[in-house]
Every structure is written in structure tokens, then in C-alpha cells.
Amino acid sequence: MYDVIILGSGPAGWTAAIYCGRANKKTLVITGASLGGQTAEIATLENYPGWNGSGMDLILFMKKQAESFGVKSESTSANNIKFNTDGTYTIVCDNGKTVDSKTVILATGASARRLEIDGAKEFFGRGVSYCATCDGFFYSGRDVLVIGGGNAALNDALYLADVAKSVKIIYRKSEFFRAEAVLRDRVAEKENIECIYNTELKSISQKHDSDKLIATTTTGNEIECDGIFVAIGHEANTDYLTENVKRDEIGRIESESLPSGMFVAGDVKSNIKMQVATAVGTGCSAAMDAIQYLNSKD
């Protein structure tokens, strides 16, 4: 029986683990399908105070720090959570294991929203990608598109501009309203980035007798490219929860709907900005709430 089980291994999860470990609570982190979640995909993390390196390096640093306080981890995902009659929880994992805990902290984050147009699924992994830092290498010296207009899309475009021959950003609005000014300025300075506004894709197909893709817009224009990188927002990872847990419009958890002894942190929590700094703050808060809850039961 654990005191705390934390679902998720991003900044929120590891921050919670550090606090719980330091409070001498028996703590397990169930890491999910990939260690670090979205943070691990950030090539250069420059807006988290005190850190200068990649997202994965930060995750590994946090993991090591948590482990120094006795925190354990398991490389699997939660399939479902059972609330027991004695007030404890049983986590059923994808690897077949079950683990019990007095409290649970949900820090499962969010995943990239999928592009729902003809060809997007067919060419996923064969030209369509949702991770520039994962797949950008394969497009060295080639022509790529980035779909989206927020910070994630512009960061992806800047990363790809140093790898690919050319980058076109396709955005449905007239300018990058949601992106930070510093990113907009950097994009404008890159000679091999072109911004195409007021444009949406209708379908993706393959050029005849070629490996190249054809991105057809809603106005009928065709854009030829080698790869398409999608960055159009995120949806919370909450498939393991029952429907009685209240969620917002993108599936993020509203904490007041959680049962006693369950807490939420990071990008899966409603009404917060999806940033590393806010994830760390909510991880700290969730851990302190869990510790207080446990101490009140002793």
C-alpha cells in the first residue's frame, strides 16, 4: 500500500513526487507511455526560470531528485482507477499490475490534438507528424509544412527551419494572435520560413509517382511538400477516469468533482495555463494537499 500514487511523469508529476518523498510518504510514479510527456519533446526550454537545456534533461533531473527521496517509478500507464470502500484506491495498469494507494495525484497531462481531414490518418507516420523534435531529423534539406498558429506551432517551425530546406506555416487566422511576441519576431527573421494566413487544409494526398505529399486547402490550392507537422492544440489525457469526473471543453479535470483523497496537477487540470512553470506550481500544491490529507488520517 502506497501513501501516494502519481499518474504522469511530466514536471507536475515529478514536482509532486519530490514533495511527497521529502515528507516521508511512500510514493510511486506511474510514468505513462513516455517519460516526461510533452516537456520531453522540447528541444530548448528557455522560459522556465533557472533552467538552460532541453525538456528531457529537465525531466531526468527532476526524476533523479525525486528518487533521492525514495520515490519509485513504474513504466506503464493507468487503465482505470477503483475507489475502494475503505477510502483507498486501486490502480489497474496497462501491464497487468494493480497497485493500491491511500491517495492519488492525477498529472497525466495532455496530448496533441489530431488533424481531422482526409489523409491525416492515412499518412500519419508517413509524412504527417505531431512531434517536430521527434521526426524533424528525417526532413533534413526538405520542404515541410507546419499547421497551427500558437506557441507550439511557431516553436516547431523555428526548430524545423534549422533542419529543413523550407518551412511554410499554415494558419487559419490573419495573424498569430496567440503566440508570444518573441516567437513571432524570430519567425519573421527566418529567411526559410513563409507564413500563409487565412488558410485551412481540406485534405492530404500523395503526389503521383512520388513520395511527396499534396496538401489541398479549402480554397482548392495545392501545396507540395515532403512532410506536415501538426500543432493545433491539445486534449487532456483522462481516458482512465469514469464519466462522473467533471471535465471542461478539452477534457481537463475540474478538481471540485474529484473524490476524497484524489488531487490533480499540471496540464490535465482545468483553468490553468499550459506551461512548465504552472505545472510545477500545481504539482507542489497537489502534493501539499495530499500530504495534509494523509496526516489528518494518522
# chains A, B, ... in the order shown; residues from 1 in each chain; ligands from 1
call {"tool": "closest_atom_pairs", "arguments": {"of": "range 77-187 of chain A", "to": "range 230-240 of chain A", "cutoff": "7 Å", "atoms": "only C-alpha atoms", "output": "tab-separated table"}}
result
residue	atom	partner	partner_atom	distance
A:Ala78	CA	A:Tyr240	CA	6.4
A:Asn79	CA	A:Tyr240	CA	5.2
A:Asn80	CA	A:Tyr240	CA	4.5
A:Ile81	CA	A:Tyr240	CA	6.9
A:Thr108	CA	A:Asn237	CA	5.8
A:Gly109	CA	A:Asn237	CA	5.9
A:Ala110	CA	A:Ala236	CA	4.0
A:Ser111	CA	A:His234	CA	5.2
A:Ala112	CA	A:His234	CA	4.4
A:Arg113	CA	A:His234	CA	4.7
A:Ser129	CA	A:Val230	CA	6.3
A:Tyr130	CA	A:Val230	CA	5.1
A:Val146	CA	A:Val230	CA	5.8
A:Ile147	CA	A:Val230	CA	4.8
A:Gly148	CA	A:Ile232	CA	4.9
A:Ala152	CA	A:Ala231	CA	6.1
A:Ala153	CA	A:Ala231	CA	5.0
call {"tool": "write_last_selection", "arguments": {"atoms": "C-alpha atoms", "output": "short mmCIF file (atom, residue, chain, number, x, y, z; two decimals), in the first residue's frame"}}
result
data_model
loop_
_atom_site.label_atom_id
_atom_site.label_comp_id
_atom_site.auth_asym_id
_atom_site.auth_seq_id
_atom_site.Cartn_x
_atom_site.Cartn_y
_atom_site.Cartn_z
CA ALA A 78 -3.14 3.58 -15.72
CA ASN A 79 -6.01 1.70 -17.32
CA ASN A 80 -8.57 2.60 -14.68
CA ILE A 81 -8.90 3.65 -11.04
CA THR A 108 -1.36 12.82 -16.89
CA GLY A 109 -1.09 15.98 -18.96
CA ALA A 110 -2.44 16.48 -22.47
CA SER A 111 -1.74 15.14 -25.95
CA ALA A 112 -1.61 16.82 -29.33
CA ARG A 113 -5.00 17.26 -30.96
CA SER A 129 3.79 14.07 -37.66
CA TYR A 130 2.75 15.59 -34.34
CA VAL A 146 3.57 23.40 -40.02
CA ILE A 147 -0.15 23.59 -39.23
CA GLY A 148 -1.14 25.94 -36.40
CA ALA A 152 3.83 25.26 -30.16
CA ALA A 153 3.45 25.77 -33.91
#
call {"tool": "select_by_dssp", "arguments": {"residues": "range 101-252 of chain A", "states": "strand (DSSP E)", "output": "mmCIF file with C-alpha atoms, in the first residue's frame"}}
result
data_model
loop_
_atom_site.group_PDB
_atom_site.id
_atom_site.type_symbol
_atom_site.label_atom_id
_atom_site.label_comp_id
_atom_site.auth_asym_id
_atom_site.auth_seq_id
_atom_site.Cartn_x
_atom_site.Cartn_y
_atom_site.Cartn_z
ATOM 1 C CA SER A 101 -2.684 3.751 -2.524
ATOM 2 C CA LYS A 102 -4.215 5.963 0.128
ATOM 3 C CA THR A 103 -4.168 8.965 -2.252
ATOM 4 C CA VAL A 104 -3.797 9.592 -5.986
ATOM 5 C CA ILE A 105 -2.441 12.637 -7.813
ATOM 6 C CA LEU A 106 -3.574 12.936 -11.436
ATOM 7 C CA ALA A 110 -2.439 16.481 -22.469
ATOM 8 C CA SER A 111 -1.742 15.145 -25.951
ATOM 9 C CA ALA A 112 -1.610 16.822 -29.327
ATOM 10 C CA VAL A 128 2.311 13.543 -41.131
ATOM 11 C CA SER A 129 3.787 14.072 -37.660
ATOM 12 C CA ASP A 143 10.269 21.105 -47.651
ATOM 13 C CA VAL A 144 7.780 20.921 -44.774
ATOM 14 C CA LEU A 145 4.531 22.482 -43.577
ATOM 15 C CA VAL A 146 3.567 23.396 -40.018
ATOM 16 C CA ILE A 147 -0.150 23.587 -39.231
ATOM 17 C CA SER A 166 11.966 25.409 -46.272
ATOM 18 C CA VAL A 167 9.088 25.741 -43.802
ATOM 19 C CA LYS A 168 5.603 27.013 -44.556
ATOM 20 C CA ILE A 169 3.297 27.794 -41.617
ATOM 21 C CA ILE A 170 -0.377 27.332 -42.480
ATOM 22 C CA ILE A 193 10.012 30.338 -43.114
ATOM 23 C CA GLU A 194 6.947 31.504 -45.036
ATOM 24 C CA CYS A 195 3.653 32.279 -43.262
ATOM 25 C CA ILE A 196 0.425 31.552 -45.111
ATOM 26 C CA LEU A 201 -6.281 22.328 -45.138
ATOM 27 C CA LYS A 202 -9.032 20.197 -46.659
ATOM 28 C CA SER A 203 -7.119 17.021 -47.464
ATOM 29 C CA ILE A 204 -3.714 15.371 -47.714
ATOM 30 C CA SER A 205 -2.756 13.092 -50.580
ATOM 31 C CA GLN A 206 0.349 11.729 -52.245
ATOM 32 C CA LEU A 213 2.592 14.984 -50.260
ATOM 33 C CA ILE A 214 -0.040 17.331 -51.640
ATOM 34 C CA ALA A 215 -1.802 19.500 -49.063
ATOM 35 C CA THR A 216 -5.036 20.790 -50.568
ATOM 36 C CA THR A 217 -6.567 23.886 -48.980
ATOM 37 C CA GLU A 222 -2.382 22.639 -53.666
ATOM 38 C CA ILE A 223 0.841 22.885 -51.667
ATOM 39 C CA GLU A 224 3.546 20.334 -52.399
ATOM 40 C CA CYS A 225 5.774 19.245 -49.515
ATOM 41 C CA GLY A 227 6.255 16.446 -44.532
ATOM 42 C CA ILE A 228 3.447 18.005 -42.498
ATOM 43 C CA PHE A 229 3.835 18.831 -38.793
ATOM 44 C CA VAL A 230 0.610 19.459 -36.871
ATOM 45 C CA HIS A 234 -4.148 19.671 -27.071
ATOM 46 C CA GLU A 235 -6.673 17.416 -25.378
ATOM 47 C CA ALA A 236 -6.362 16.180 -21.807
#
call {"tool": "closest_residue", "arguments": {"among": "A:Tyr171, A:Tyr2, A:Phe61, A:Tyr48", "to": "Thr199 in chain A", "atoms": "only C-alpha atoms"}}
result
A:Tyr171
call {"tool": "residues_around", "arguments": {"residues": "Lys97 in chain A", "least_positions_apart": "6", "cutoff": "12 Å", "atoms": "only C-alpha atoms", "output": "PyMOL selection string"}}
result
chain A and resi 30+74-80+90-91
call {"tool": "write_last_selection", "arguments": {"atoms": "N, CA and C atoms", "output": "PDB file, in the first residue's frame"}}
result
ATOM      1  N   ILE A  30       3.645   6.473 -11.709  1.00  0.00           N
ATOM      2  CA  ILE A  30       3.338   5.674 -12.901  1.00  0.00           C
ATOM      3  C   ILE A  30       3.548   6.601 -14.087  1.00  0.00           C
ATOM      4  N   GLU A  74       7.222   3.359 -12.152  1.00  0.00           N
ATOM      5  CA  GLU A  74       6.818   2.188 -12.931  1.00  0.00           C
ATOM      6  C   GLU A  74       6.499   2.660 -14.342  1.00  0.00           C
ATOM      7  N   SER A  75       7.147   2.043 -15.338  1.00  0.00           N
ATOM      8  CA  SER A  75       6.967   2.460 -16.740  1.00  0.00           C
ATOM      9  C   SER A  75       5.743   1.781 -17.350  1.00  0.00           C
ATOM     10  N   THR A  76       4.590   2.295 -17.034  1.00  0.00           N
ATOM     11  CA  THR A  76       3.330   1.800 -17.582  1.00  0.00           C
ATOM     12  C   THR A  76       2.306   2.925 -17.475  1.00  0.00           C
ATOM     13  N   SER A  77       1.083   2.657 -17.912  1.00  0.00           N
ATOM     14  CA  SER A  77       0.010   3.646 -17.826  1.00  0.00           C
ATOM     15  C   SER A  77      -1.144   3.094 -17.003  1.00  0.00           C
ATOM     16  N   ALA A  78      -1.941   3.991 -16.450  1.00  0.00           N
ATOM     17  CA  ALA A  78      -3.137   3.581 -15.723  1.00  0.00           C
ATOM     18  C   ALA A  78      -4.248   3.249 -16.706  1.00  0.00           C
ATOM     19  N   ASN A  79      -4.874   2.092 -16.497  1.00  0.00           N
ATOM     20  CA  ASN A  79      -6.009   1.696 -17.323  1.00  0.00           C
ATOM     21  C   ASN A  79      -7.310   2.183 -16.719  1.00  0.00           C
ATOM     22  N   ASN A  80      -7.432   2.027 -15.398  1.00  0.00           N
ATOM     23  CA  ASN A  80      -8.568   2.595 -14.675  1.00  0.00           C
ATOM     24  C   ASN A  80      -8.242   2.685 -13.188  1.00  0.00           C
ATOM     25  N   THR A  90      -7.316   1.643  -5.940  1.00  0.00           N
ATOM     26  CA  THR A  90      -6.590   0.595  -6.659  1.00  0.00           C
ATOM     27  C   THR A  90      -6.423   1.028  -8.112  1.00  0.00           C
ATOM     28  N   ILE A  91      -5.173   1.080  -8.555  1.00  0.00           N
ATOM     29  CA  ILE A  91      -4.859   1.457  -9.928  1.00  0.00           C
ATOM     30  C   ILE A  91      -4.610   0.182 -10.730  1.00  0.00           C
TER      31      ILE A  91
END
call {"tool": "residues_around", "arguments": {"residues": "Ser257 in chain A", "least_positions_apart": "5", "cutoff": "10 Å", "atoms": "only C-alpha atoms", "output": "PyMOL selection string"}}
result
chain A and resi 244-247+262
call {"tool": "decode", "arguments": {"residues": "range 253-268 of chain A", "atoms": "N, CA and C atoms", "output": "PDB file, in the first residue's frame"}}
result
ATOM      1  N   ILE A 253      -9.592  18.202 -16.098  1.00  0.00           N
ATOM      2  CA  ILE A 253     -10.334  17.829 -14.891  1.00  0.00           C
ATOM      3  C   ILE A 253     -10.634  19.050 -14.025  1.00  0.00           C
ATOM      4  N   GLU A 254     -11.881  19.147 -13.582  1.00  0.00           N
ATOM      5  CA  GLU A 254     -12.277  20.174 -12.631  1.00  0.00           C
ATOM      6  C   GLU A 254     -12.177  19.569 -11.229  1.00  0.00           C
ATOM      7  N   SER A 255     -11.250  20.070 -10.450  1.00  0.00           N
ATOM      8  CA  SER A 255     -10.826  19.432  -9.202  1.00  0.00           C
ATOM      9  C   SER A 255     -11.950  19.247  -8.195  1.00  0.00           C
ATOM     10  N   GLU A 256     -12.957  20.120  -8.214  1.00  0.00           N
ATOM     11  CA  GLU A 256     -14.028  20.004  -7.224  1.00  0.00           C
ATOM     12  C   GLU A 256     -14.884  18.750  -7.426  1.00  0.00           C
ATOM     13  N   SER A 257     -14.752  18.109  -8.591  1.00  0.00           N
ATOM     14  CA  SER A 257     -15.532  16.900  -8.854  1.00  0.00           C
ATOM     15  C   SER A 257     -14.833  15.623  -8.409  1.00  0.00           C
ATOM     16  N   LEU A 258     -13.599  15.757  -7.906  1.00  0.00           N
ATOM     17  CA  LEU A 258     -12.826  14.580  -7.531  1.00  0.00           C
ATOM     18  C   LEU A 258     -13.234  14.062  -6.152  1.00  0.00           C
ATOM     19  N   PRO A 259     -13.173  12.744  -5.961  1.00  0.00           N
ATOM     20  CA  PRO A 259     -13.487  12.179  -4.644  1.00  0.00           C
ATOM     21  C   PRO A 259     -12.389  12.477  -3.627  1.00  0.00           C
ATOM     22  N   SER A 260     -12.682  12.247  -2.370  1.00  0.00           N
ATOM     23  CA  SER A 260     -11.734  12.498  -1.289  1.00  0.00           C
ATOM     24  C   SER A 260     -10.457  11.685  -1.491  1.00  0.00           C
ATOM     25  N   GLY A 261      -9.319  12.345  -1.324  1.00  0.00           N
ATOM     26  CA  GLY A 261      -8.037  11.662  -1.461  1.00  0.00           C
ATOM     27  C   GLY A 261      -7.481  11.643  -2.868  1.00  0.00           C
ATOM     28  N   MET A 262      -8.154  12.303  -3.820  1.00  0.00           N
ATOM     29  CA  MET A 262      -7.668  12.389  -5.197  1.00  0.00           C
ATOM     30  C   MET A 262      -7.435  13.856  -5.539  1.00  0.00           C
ATOM     31  N   PHE A 263      -6.294  14.135  -6.169  1.00  0.00           N
ATOM     32  CA  PHE A 263      -5.887  15.502  -6.459  1.00  0.00           C
ATOM     33  C   PHE A 263      -5.409  15.587  -7.906  1.00  0.00           C
ATOM     34  N   VAL A 264      -5.315  16.802  -8.448  1.00  0.00           N
ATOM     35  CA  VAL A 264      -4.956  16.968  -9.854  1.00  0.00           C
ATOM     36  C   VAL A 264      -3.929  18.078 -10.013  1.00  0.00           C
ATOM     37  N   ALA A 265      -3.023  17.907 -10.984  1.00  0.00           N
ATOM     38  CA  ALA A 265      -1.957  18.880 -11.212  1.00  0.00           C
ATOM     39  C   ALA A 265      -1.548  18.888 -12.683  1.00  0.00           C
ATOM     40  N   GLY A 266      -1.013  20.004 -13.125  1.00  0.00           N
ATOM     41  CA  GLY A 266      -0.459  20.096 -14.474  1.00  0.00           C
ATOM     42  C   GLY A 266      -1.494  20.344 -15.553  1.00  0.00           C
ATOM     43  N   ASP A 267      -1.126  20.021 -16.800  1.00  0.00           N
ATOM     44  CA  ASP A 267      -1.951  20.340 -17.958  1.00  0.00           C
ATOM     45  C   ASP A 267      -3.304  19.646 -17.964  1.00  0.00           C
ATOM     46  N   VAL A 268      -3.470  18.615 -17.157  1.00  0.00           N
ATOM     47  CA  VAL A 268      -4.750  17.912 -17.094  1.00  0.00           C
ATOM     48  C   VAL A 268      -5.739  18.627 -16.170  1.00  0.00           C
TER      49      VAL A 268
END
